[in-house]
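File shown: data-v7.csv. Contents: CSV, C-alpha atoms and all ligand atoms.
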chain,number,residue,atom,x,y,z
A,1,MET,CA,0.0,0.0,0.0
A,2,HIS,CA,1.3,3.5,-0.9
A,3,SER,CA,1.8,6.0,1.9
A,4,GLY,CA,2.4,8.7,-0.8
A,5,THR,CA,0.0,11.4,-1.9
A,6,PHE,CA,-1.8,10.9,-5.2
A,7,LEU,CA,-1.5,13.6,-7.8
A,8,THR,CA,-5.2,14.2,-7.8
A,9,GLN,CA,-5.3,14.7,-4.0
A,10,PHE,CA,-2.3,17.0,-4.2
A,11,ILE,CA,-4.0,19.2,-6.8
A,12,ILE,CA,-7.3,19.3,-4.9
A,13,GLU,CA,-5.5,20.3,-1.7
A,14,GLU,CA,-3.4,22.9,-3.4
A,15,GLN,CA,-6.6,24.3,-5.0
A,16,ARG,CA,-8.4,24.6,-1.6
A,17,SER,CA,-5.8,27.2,-0.5
A,18,ILE,CA,-6.9,29.4,-3.4
A,19,PRO,CA,-9.9,31.7,-2.7
A,20,ASN,CA,-12.9,31.2,-5.1
A,21,ALA,CA,-11.3,28.1,-6.8
A,22,THR,CA,-14.1,26.4,-8.7
A,23,GLY,CA,-12.5,23.0,-9.3
A,24,ASP,CA,-12.2,23.8,-13.0
A,25,PHE,CA,-8.5,23.8,-12.8
A,26,THR,CA,-8.3,20.5,-10.9
A,27,GLY,CA,-10.6,19.0,-13.6
A,28,LEU,CA,-8.3,20.3,-16.4
A,29,LEU,CA,-5.2,18.9,-14.8
A,30,ASN,CA,-6.9,15.6,-14.3
A,31,ASP,CA,-7.8,15.6,-18.0
A,32,ILE,CA,-4.1,16.3,-18.9
A,33,VAL,CA,-3.0,13.5,-16.6
A,34,THR,CA,-5.3,11.1,-18.4
A,35,ALA,CA,-4.0,12.1,-21.8
A,36,CYS,CA,-0.4,11.7,-20.6
A,37,LYS,CA,-1.2,8.2,-19.2
A,38,THR,CA,-2.6,7.2,-22.6
A,39,ILE,CA,0.5,8.5,-24.4
A,40,SER,CA,2.8,6.8,-21.8
A,41,HIS,CA,1.0,3.5,-22.5
A,42,LEU,CA,1.4,3.9,-26.3
A,43,VAL,CA,5.1,4.9,-26.0
A,44,ASN,CA,5.6,1.8,-23.8
A,45,ARG,CA,4.0,-0.5,-26.4
A,46,GLY,CA,6.6,0.7,-29.0
A,47,GLY,CA,7.3,-1.9,-31.6
A,48,LEU,CA,4.5,-4.2,-30.4
A,49,ILE,CA,2.0,-2.0,-32.1
A,50,ASP,CA,2.5,0.0,-35.4
A,51,ILE,CA,3.4,3.4,-33.9
A,52,LEU,CA,7.2,3.8,-34.6
A,53,GLY,CA,8.8,5.5,-37.5
A,54,ALA,CA,7.9,8.5,-39.7
A,55,ALA,CA,4.4,9.6,-40.5
A,56,GLY,CA,5.5,10.8,-43.9
A,57,THR,CA,4.1,14.3,-43.2
A,58,GLU,CA,5.6,17.7,-42.1
A,59,ASN,CA,4.4,20.0,-39.4
A,60,VAL,CA,4.2,23.8,-39.7
A,61,GLN,CA,7.8,24.2,-38.7
A,62,GLY,CA,9.0,22.0,-41.6
A,63,GLU,CA,9.9,19.1,-39.3
A,64,GLY,CA,9.2,15.5,-40.5
A,65,GLN,CA,6.5,14.2,-38.2
A,66,LYS,CA,6.9,10.8,-36.5
A,67,LYS,CA,3.8,8.6,-36.3
A,68,LEU,CA,3.9,9.2,-32.5
A,69,ASP,CA,4.0,13.0,-33.0
A,70,VAL,CA,0.7,12.7,-34.8
A,71,ILE,CA,-0.9,10.1,-32.5
A,72,SER,CA,0.1,11.9,-29.3
A,73,ASN,CA,-1.3,15.1,-30.7
A,74,GLU,CA,-4.6,13.3,-31.4
A,75,VAL,CA,-4.6,11.8,-27.9
A,76,MET,CA,-4.2,15.3,-26.4
A,77,VAL,CA,-6.9,16.9,-28.5
A,78,LYS,CA,-9.4,14.1,-28.1
A,79,SER,CA,-8.9,13.8,-24.4
A,80,LEU,CA,-9.3,17.5,-23.8
A,81,GLU,CA,-11.7,19.0,-26.3
A,82,TRP,CA,-15.0,17.7,-24.8
A,83,THR,CA,-14.2,18.4,-21.1
A,84,GLY,CA,-15.5,21.9,-20.8
A,85,HIS,CA,-12.4,23.2,-19.2
A,86,LEU,CA,-10.7,24.7,-22.2
A,87,ALA,CA,-11.5,27.7,-24.4
A,88,ALA,CA,-9.0,26.6,-27.1
A,89,MET,CA,-5.7,24.8,-27.5
A,90,ALA,CA,-2.5,25.1,-29.5
A,91,SER,CA,0.0,22.4,-30.4
A,92,GLU,CA,3.4,22.1,-32.0
A,93,GLU,CA,1.8,19.8,-34.6
A,94,VAL,CA,-1.0,22.1,-35.6
A,95,GLU,CA,-0.5,25.3,-37.5
A,96,GLY,CA,-3.4,27.4,-36.2
A,97,ILE,CA,-5.1,27.3,-32.8
A,98,ILE,CA,-7.3,24.3,-32.1
A,99,SER,CA,-10.9,25.4,-31.4
A,100,ILE,CA,-13.4,23.5,-29.2
A,101,PRO,CA,-16.0,21.9,-31.4
A,102,SER,CA,-19.4,23.7,-31.1
A,103,GLN,CA,-21.2,20.7,-29.5
A,104,TYR,CA,-19.0,21.0,-26.4
A,105,PRO,CA,-19.0,23.7,-23.6
A,106,LYS,CA,-16.1,26.0,-23.4
A,107,GLY,CA,-14.0,26.7,-20.3
A,108,LYS,CA,-11.8,29.5,-19.1
A,109,TYR,CA,-8.4,28.2,-19.8
A,110,LEU,CA,-6.1,28.0,-22.8
A,111,LEU,CA,-3.7,25.1,-23.2
A,112,LEU,CA,-0.5,24.9,-25.3
A,113,PHE,CA,1.4,21.7,-25.7
A,114,ASP,CA,4.3,19.8,-27.3
A,115,PRO,CA,2.6,16.4,-27.5
A,116,LEU,CA,5.8,14.5,-28.0
A,117,ASP,CA,9.1,16.2,-27.1
A,118,GLY,CA,12.3,14.6,-28.3
A,119,SER,CA,10.5,12.6,-31.0
A,120,SER,CA,13.7,12.1,-32.9
A,121,ASN,CA,14.5,9.7,-30.0
A,122,ILE,CA,11.4,7.6,-30.2
A,123,ASP,CA,12.7,5.0,-32.6
A,124,VAL,CA,15.9,4.5,-30.6
A,125,ASN,CA,14.1,3.9,-27.3
A,126,ILE,CA,15.3,7.0,-25.5
A,127,SER,CA,13.1,9.1,-23.1
A,128,VAL,CA,10.5,11.4,-24.7
A,129,GLY,CA,7.8,13.5,-23.1
A,130,THR,CA,4.9,15.8,-23.2
A,131,ILE,CA,5.2,19.5,-22.3
A,132,PHE,CA,2.3,21.8,-21.5
A,133,SER,CA,1.5,25.4,-20.5
A,134,ILE,CA,-1.9,26.7,-19.1
A,135,LEU,CA,-3.0,30.3,-19.6
A,136,ARG,CA,-6.2,32.0,-18.6
A,137,CYS,CA,-8.4,33.0,-21.6
A,138,PRO,CA,-8.9,36.8,-21.5
A,139,ASP,CA,-12.3,37.7,-20.0
A,140,GLY,CA,-15.2,38.2,-22.3
A,141,VAL,CA,-13.6,36.3,-25.3
A,142,PRO,CA,-16.3,34.0,-26.7
A,143,GLU,CA,-14.1,32.5,-29.4
A,144,PRO,CA,-10.4,32.8,-28.8
A,145,THR,CA,-8.0,33.6,-31.6
A,146,GLU,CA,-4.2,33.3,-31.8
A,147,LYS,CA,-3.7,36.7,-30.3
A,148,ASP,CA,-5.4,35.6,-27.0
A,149,PHE,CA,-2.6,33.0,-26.6
A,150,LEU,CA,0.2,35.5,-27.0
A,151,GLN,CA,0.7,36.2,-23.3
A,152,PRO,CA,4.2,36.3,-21.8
A,153,GLY,CA,5.3,33.2,-19.8
A,154,THR,CA,4.9,35.2,-16.5
A,155,GLN,CA,1.1,34.8,-17.0
A,156,GLN,CA,1.2,31.0,-16.9
A,157,VAL,CA,-1.2,29.5,-14.4
A,158,CYS,CA,0.5,26.1,-14.5
A,159,ALA,CA,3.3,24.4,-16.4
A,160,GLY,CA,4.3,20.8,-16.5
A,161,PHE,CA,5.8,17.9,-18.4
A,162,CYS,CA,5.4,14.2,-18.4
A,163,ILE,CA,8.5,12.2,-19.1
A,164,TYR,CA,8.2,8.7,-20.6
A,165,GLY,CA,11.5,7.2,-19.4
A,166,PRO,CA,12.5,4.2,-17.4
A,167,THR,CA,9.6,5.4,-15.2
A,168,THR,CA,6.8,7.7,-16.3
A,169,MET,CA,6.9,10.9,-14.3
A,170,MET,CA,4.9,14.1,-14.1
A,171,VAL,CA,6.6,17.3,-13.0
A,172,LEU,CA,4.4,20.3,-12.2
A,173,THR,CA,4.3,23.9,-11.0
A,174,THR,CA,1.4,26.2,-10.3
A,175,GLY,CA,3.8,28.9,-9.0
A,176,HIS,CA,4.4,27.3,-5.6
A,177,GLY,CA,7.5,25.3,-6.2
A,178,VAL,CA,8.0,22.2,-8.3
A,179,ASN,CA,6.8,18.7,-7.5
A,180,GLY,CA,7.5,15.4,-9.2
A,181,PHE,CA,5.1,12.4,-9.3
A,182,THR,CA,5.9,8.8,-10.5
A,183,LEU,CA,3.3,6.8,-12.3
A,184,ASP,CA,2.5,3.6,-10.5
A,185,GLN,CA,1.6,1.4,-13.5
A,186,ASP,CA,-0.2,-1.2,-11.4
A,187,ILE,CA,-2.8,1.2,-10.0
A,188,GLY,CA,-2.6,3.8,-12.8
A,189,GLU,CA,-2.0,6.8,-10.5
A,190,PHE,CA,0.8,9.3,-10.2
A,191,ILE,CA,2.3,9.4,-6.7
A,192,LEU,CA,4.2,12.3,-5.2
A,193,THR,CA,7.8,10.9,-5.0
A,194,HIS,CA,9.8,14.1,-5.5
A,195,PRO,CA,8.4,16.9,-3.4
A,196,ASN,CA,9.9,20.4,-3.7
A,197,MET,CA,12.4,19.8,-6.4
A,198,THR,CA,15.3,22.3,-6.4
A,199,ILE,CA,18.2,23.1,-8.7
A,200,PRO,CA,21.6,23.6,-7.1
A,201,GLU,CA,23.0,27.1,-7.9
A,202,ASP,CA,26.3,25.7,-9.1
A,203,THR,CA,27.0,22.9,-11.5
A,204,GLY,CA,29.8,21.0,-13.3
A,205,GLU,CA,27.6,19.7,-16.1
A,206,PHE,CA,26.5,21.3,-19.4
A,207,ALA,CA,24.2,20.2,-22.2
A,208,ILE,CA,24.5,21.6,-25.7
A,209,ASN,CA,24.4,20.2,-29.2
A,210,MET,CA,28.2,20.4,-30.0
A,211,SER,CA,27.7,19.7,-33.7
A,212,ASN,CA,26.4,23.3,-34.0
A,213,GLN,CA,29.5,24.8,-32.5
A,214,ARG,CA,30.7,26.6,-35.6
A,215,PHE,CA,27.4,28.5,-35.8
A,216,TRP,CA,27.4,29.9,-32.2
A,217,GLU,CA,28.1,33.5,-31.2
A,218,ALA,CA,31.4,34.4,-29.4
A,219,PRO,CA,30.0,34.4,-25.8
A,220,VAL,CA,28.7,30.9,-26.1
A,221,GLN,CA,31.9,29.8,-27.8
A,222,ARG,CA,33.8,31.3,-24.8
A,223,TYR,CA,31.6,29.7,-22.1
A,224,ILE,CA,31.8,26.2,-23.6
A,225,GLU,CA,35.5,26.5,-24.4
A,226,GLU,CA,36.2,27.4,-20.7
A,227,CYS,CA,34.1,24.3,-19.6
A,228,ILE,CA,36.1,22.1,-21.8
A,229,GLN,CA,39.4,23.4,-20.6
A,230,GLY,CA,38.4,22.1,-17.2
A,231,LYS,CA,40.8,22.3,-14.2
A,232,GLU,CA,43.6,23.7,-16.4
A,233,GLY,CA,41.4,26.6,-17.7
A,234,PRO,CA,40.1,29.8,-16.2
A,235,ARG,CA,37.2,28.0,-14.4
A,236,GLY,CA,39.6,25.8,-12.5
A,237,LYS,CA,37.3,22.8,-12.4
A,238,ASN,CA,36.3,20.0,-14.7
A,239,PHE,CA,32.9,19.8,-16.5
A,240,ASN,CA,31.0,16.9,-17.7
A,241,MET,CA,28.8,16.9,-20.8
A,242,ARG,CA,25.4,15.4,-21.5
A,243,TRP,CA,23.1,15.7,-24.6
A,244,VAL,CA,20.0,13.6,-24.8
A,245,ALA,CA,18.2,15.7,-27.5
A,246,SER,CA,15.0,15.4,-25.5
A,247,MET,CA,14.4,18.7,-23.6
A,248,VAL,CA,12.2,16.8,-21.1
A,249,ALA,CA,15.1,14.5,-20.2
A,250,GLU,CA,17.6,17.4,-20.0
A,251,VAL,CA,15.3,19.5,-17.7
A,252,TYR,CA,14.5,16.5,-15.6
A,253,ARG,CA,18.2,15.8,-15.1
A,254,ILE,CA,18.8,19.4,-14.2
A,255,LEU,CA,16.0,19.3,-11.6
A,256,THR,CA,17.6,16.2,-10.1
A,257,ARG,CA,21.3,17.1,-10.0
A,258,GLY,CA,21.8,20.6,-11.5
A,259,GLY,CA,23.3,21.6,-14.8
A,260,ILE,CA,23.0,24.1,-17.6
A,261,PHE,CA,21.1,23.4,-20.8
A,262,MET,CA,21.6,25.6,-23.9
A,263,TYR,CA,20.0,25.8,-27.3
A,264,PRO,CA,21.4,29.2,-28.1
A,265,TRP,CA,20.9,31.5,-31.1
A,266,ASP,CA,23.0,30.2,-34.0
A,267,SER,CA,23.7,31.4,-37.5
A,268,ARG,CA,22.4,28.4,-39.5
A,269,ASP,CA,19.1,30.0,-40.5
A,270,PRO,CA,18.6,33.7,-39.9
A,271,SER,CA,14.8,33.2,-39.9
A,272,LYS,CA,15.1,30.9,-36.9
A,273,PRO,CA,16.3,32.6,-33.7
A,274,GLY,CA,17.0,29.3,-32.0
A,275,ARG,CA,15.6,25.8,-32.2
A,276,LEU,CA,13.1,25.6,-29.3
A,277,ARG,CA,9.6,27.1,-29.4
A,278,LEU,CA,8.7,29.8,-26.9
A,279,MET,CA,5.1,29.0,-26.1
A,280,TYR,CA,5.1,25.2,-25.5
A,281,GLU,CA,8.7,24.4,-24.8
A,282,ALA,CA,10.7,27.4,-23.5
A,283,ASN,CA,8.0,29.1,-21.4
A,284,PRO,CA,6.7,26.0,-19.5
A,285,MET,CA,10.2,24.8,-18.9
A,286,SER,CA,11.4,28.2,-17.8
A,287,PHE,CA,8.5,28.5,-15.3
A,288,ILE,CA,9.4,25.1,-13.8
A,289,VAL,CA,13.2,25.9,-13.7
A,290,GLU,CA,12.6,29.3,-12.0
A,291,GLN,CA,10.2,27.7,-9.5
A,292,ALA,CA,12.9,25.2,-8.7
A,293,GLY,CA,15.4,28.0,-8.0
A,294,GLY,CA,17.1,28.0,-11.4
A,295,ALA,CA,17.3,30.7,-14.1
A,296,SER,CA,16.2,30.8,-17.7
A,297,SER,CA,17.3,33.4,-20.3
A,298,THR,CA,17.4,34.0,-24.0
A,299,SER,CA,20.9,35.6,-23.2
A,300,GLN,CA,19.3,39.0,-23.6
A,301,GLN,CA,16.2,38.7,-21.3
A,302,ARG,CA,14.3,36.5,-19.0
A,303,ILE,CA,12.4,34.0,-21.2
A,304,LEU,CA,9.3,34.4,-19.1
A,305,GLU,CA,9.2,38.1,-20.1
A,306,VAL,CA,9.5,37.7,-23.8
A,307,ASP,CA,6.5,39.3,-25.5
A,308,PRO,CA,5.2,36.5,-27.9
A,309,GLU,CA,4.6,37.2,-31.6
A,310,GLY,CA,3.3,33.9,-32.7
A,311,ILE,CA,2.4,30.5,-31.2
A,312,HIS,CA,5.2,28.7,-33.0
A,313,GLN,CA,7.8,31.4,-32.4
A,314,ARG,CA,11.4,30.2,-31.6
A,315,VAL,CA,13.7,31.5,-29.0
A,316,PRO,CA,17.3,30.9,-27.8
A,317,VAL,CA,17.2,29.0,-24.5
A,318,ILE,CA,19.8,29.0,-21.7
A,319,LEU,CA,18.5,27.5,-18.5
A,320,GLY,CA,19.4,25.6,-15.3
A,321,SER,CA,21.7,26.3,-12.4
A,322,LYS,CA,21.5,30.0,-11.6
A,323,ASN,CA,25.2,30.9,-11.3
A,324,GLU,CA,26.0,29.3,-14.7
A,325,VAL,CA,23.1,30.9,-16.5
A,326,GLU,CA,24.1,34.2,-15.0
A,327,ARG,CA,27.7,33.7,-16.2
A,328,VAL,CA,26.6,33.0,-19.8
A,329,VAL,CA,24.3,36.1,-19.7
A,330,ALA,CA,27.2,38.2,-18.4
A,331,TYR,CA,29.5,37.0,-21.2
A,332,HIS,CA,26.9,38.2,-23.7
A,333,GLN,CA,26.7,41.6,-21.9
A,334,GLU,CA,30.5,42.0,-22.0
A,335,ALA,CA,30.7,41.1,-25.7
B,1,LIG,P1,10.5,18.0,-30.7
B,1,LIG,O1,10.9,16.6,-30.7
B,1,LIG,O2,9.3,18.3,-29.9
B,1,LIG,O3,10.4,18.7,-32.1
B,1,LIG,O4,11.6,18.8,-29.9
B,1,LIG,C1,13.0,18.5,-30.0
B,1,LIG,C2,13.8,19.6,-29.4
B,1,LIG,C3,14.2,19.3,-28.0
B,1,LIG,O5,13.6,18.3,-27.3
B,1,LIG,C4,15.7,19.0,-28.1
B,1,LIG,O6,16.3,19.7,-27.0
B,1,LIG,C5,16.1,19.5,-29.4
B,1,LIG,O7,14.9,19.7,-30.2
B,1,LIG,C6,17.0,18.6,-30.1
B,1,LIG,O8,17.7,19.2,-31.1
B,1,LIG,P2,18.8,18.6,-32.0
B,1,LIG,O9,18.0,17.9,-33.1
B,1,LIG,O10,19.6,19.7,-32.5
B,1,LIG,O11,19.6,17.6,-31.2
B,2,MN,MN,8.9,18.3,-33.5
B,3,MN,MN,9.9,19.6,-28.3
B,4,MN,MN,7.3,17.6,-30.2
Reformat the file's structure so that it appears as structure tokens.
Amino acid sequence: MHSGTFLTQFIIEEQRSIPNATGDFTGLLNDIVTACKTISHLVNRGGLIDILGAAGTENVQGEGQKKLDVISNEVMVKSLEWTGHLAAMASEEVEGIISIPSQYPKGKYLLLFDPLDGSSNIDVNISVGTIFSILRCPDGVPEPTEKDFLQPGTQQVCAGFCIYGPTTMMVLTTGHGVNGFTLDQDIGEFILTHPNMTIPEDTGEFAINMSNQRFWEAPVQRYIEECIQGKEGPRGKNFNMRWVASMVAEVYRILTRGGIFMYPWDSRDPSKPGRLRLMYEANPMSFIVEQAGGASSTSQQRILEVDPEGIHQRVPVILGSKNEVERVVAYHQEA
């Protein structure tokens, strides 16, 4: 028998402390949890069912979609559209916003999600995940449009991700710290296993896609070069490197033992100021990282304060242990 707190109980108790809470938010989170359990189940089935490999289609950002990108997106939309908790949704895999079909009631929240993060890893059996961000729909908006979604990350009501790894875990913040829950597959419930996750201020571990090195700006070149020089260099200590290519796994590692993760601006394609998407990757992860005591920046400003211009907008991302993020930002200011 578990002595731990179930995710549902945790959310309900957290909501009780908020005046005038209607239970809508609790309902919405439960719906998201159900969707993530469904995706977790599919990811676990892998090659036993026909879900691996390419879908043969491209999404709005010109990425080849995996079958599981498309399926996970379907699961999210179908699990959430009927519930009455959402006014509209937006997804990495869908160009415009996703309206609630007219036969269903509308709720007061907007949901943005990356249905399957790290999908290039799905065929090689490496951790993937789902990232989401919840905003309030502006008052008096009967039918939300894209501009209603374009709120800075500071406005997020809740952010979270579910990681489908050796265990399936849900990591959540509603602005009162960060908590991690492990899915007990036998009873189908997430149990609070990692209360109050915090990121150490210092670290000796960095994560960056080194194959892009020649495209980085000088301050990033300098920071990584100094890490690589280790004990013999100006930092006077050795650094370790990790690159999973699943942001969910990268952020989860940083929440567990610290580290810095960077997908900085690079000169490959001037139309793309970075790889990661602001609204459903950078903002939710930045909210979580800040709530765990870390920092998150574009190198020029706090990610949560970026004024969004589009739901699929990309931003440079530097996040993790506070002192290292501040160092990278300082190198940019000096340059
Ligand atoms: P997605 O699979 O949702 O498109 O996101 C992948 C992202 C992120 O998870 C990861 O940090 C990065 O792209 C990997 O980039 P590389 O392909 O440069 O390794
Ligand atoms: Mn993608
Ligand atoms: Mn992603
Ligand atoms: Mn994705």
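The smallest atom-to-atom distance between ligand MN 2 (chain B) and any of A:Ser211, A:Thr173, A:Gln65, A:Gln300, using all atoms listed in the file, is found for A:Gln65.
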Grab me every residue within 8 Å of ligand MN 4 (chain B), counting all atoms listed in the file, and send it over as a CSV table (one decimal) with C-alpha atoms, keeping the file's coordinate frame.
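Saved file out04.csv follows:
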chain,number,residue,atom,x,y,z
A,69,ASP,CA,4.0,13.0,-33.0
A,92,GLU,CA,3.4,22.1,-32.0
A,93,GLU,CA,1.8,19.8,-34.6
A,114,ASP,CA,4.3,19.8,-27.3
A,115,PRO,CA,2.6,16.4,-27.5
A,116,LEU,CA,5.8,14.5,-28.0
A,117,ASP,CA,9.1,16.2,-27.1
A,118,GLY,CA,12.3,14.6,-28.3
A,119,SER,CA,10.5,12.6,-31.0
A,130,THR,CA,4.9,15.8,-23.2
Taking only C-alpha atoms and all ligand atoms into account, report as a VMD selection string which residues have an atom no farther than 10 Å from an atom of ligand LIG 1 (chain B). chain A and resid 59 61 63 to 66 69 92 to 93 113 to 122 128 to 131 207 to 212 243 to 251 261 to 263 274 to 277 280 to 282 317
If we count only C-alpha atoms and set the cut-off at 10 Å, which residues sit around stretch 220-223 of chain A, ignoring sequence neighbours fewer than 4 positions away in its own chain? Please answer as a VMD selection string. chain A and resid 213 to 216 227 to 228 235 262 264 to 266 299 324 327 to 329 331 to 332
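Distance annotation: of A:Thr256, A:Ile288, A:Val178, A:Phe132, the residue with the minimal separation from ligand MN 3 (chain B) is A:Phe132; atom set is only C-alpha atoms and all ligand atoms.
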Selected residue, from A:Met241, A:Ile318, A:Ala87, A:Val157, that lies nearest to A:Pro284 when counting only C-alpha atoms: A:Val157
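Using all atoms listed in the file, the protein and nucleic acid residues lying no more than 6 Å from A:Leu304, apart from those fewer than 5 places from it along its own chain, are Gly153, Thr154 and Asn283 of chain A.
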Within 7 Å of stretch 186-196 of chain A using all atoms listed in the file, minus same-chain residues under 4 positions, as a PyMOL selection string: chain A and resi 4-7+177-182
To one decimal in Å, tell me the separation between atom CA of A:Ala159 and atom CA of A:Pro144. 20.3 Å
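Reported to one decimal place, the separation of atom CA of A:Ser72 from atom CA of A:Leu52 is 12.0 Å.
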Would you pick out the contacts of A:Asp139 at 9 Å or less, using all atoms listed in the file, so that residues sharing its chain but fewer than 3 positions from it are not included, and give the list as a ChimeraX atom specification? /A:108,136,142
Please write the residues from the selection above to a file, keeping C-alpha atoms, as an mmCIF file, keeping the file's coordinate frame.
data_model
loop_
_atom_site.group_PDB
_atom_site.id
_atom_site.type_symbol
_atom_site.label_atom_id
_atom_site.label_comp_id
_atom_site.auth_asym_id
_atom_site.auth_seq_id
_atom_site.Cartn_x
_atom_site.Cartn_y
_atom_site.Cartn_z
ATOM 1 C CA LYS A 108 -11.800 29.500 -19.100
ATOM 2 C CA ARG A 136 -6.200 32.000 -18.600
ATOM 3 C CA PRO A 142 -16.300 34.000 -26.700
#
Hey, what's within 8 Å of A:Ser40 if we count only C-alpha atoms and toss same-chain stuff fewer than 3 positions away? As a ChimeraX atom specification, please? /A:36-37,43-44,164,168
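In this structure, atom CA of A:Tyr109 sits 5.8 Å away from atom CA of A:Leu135.
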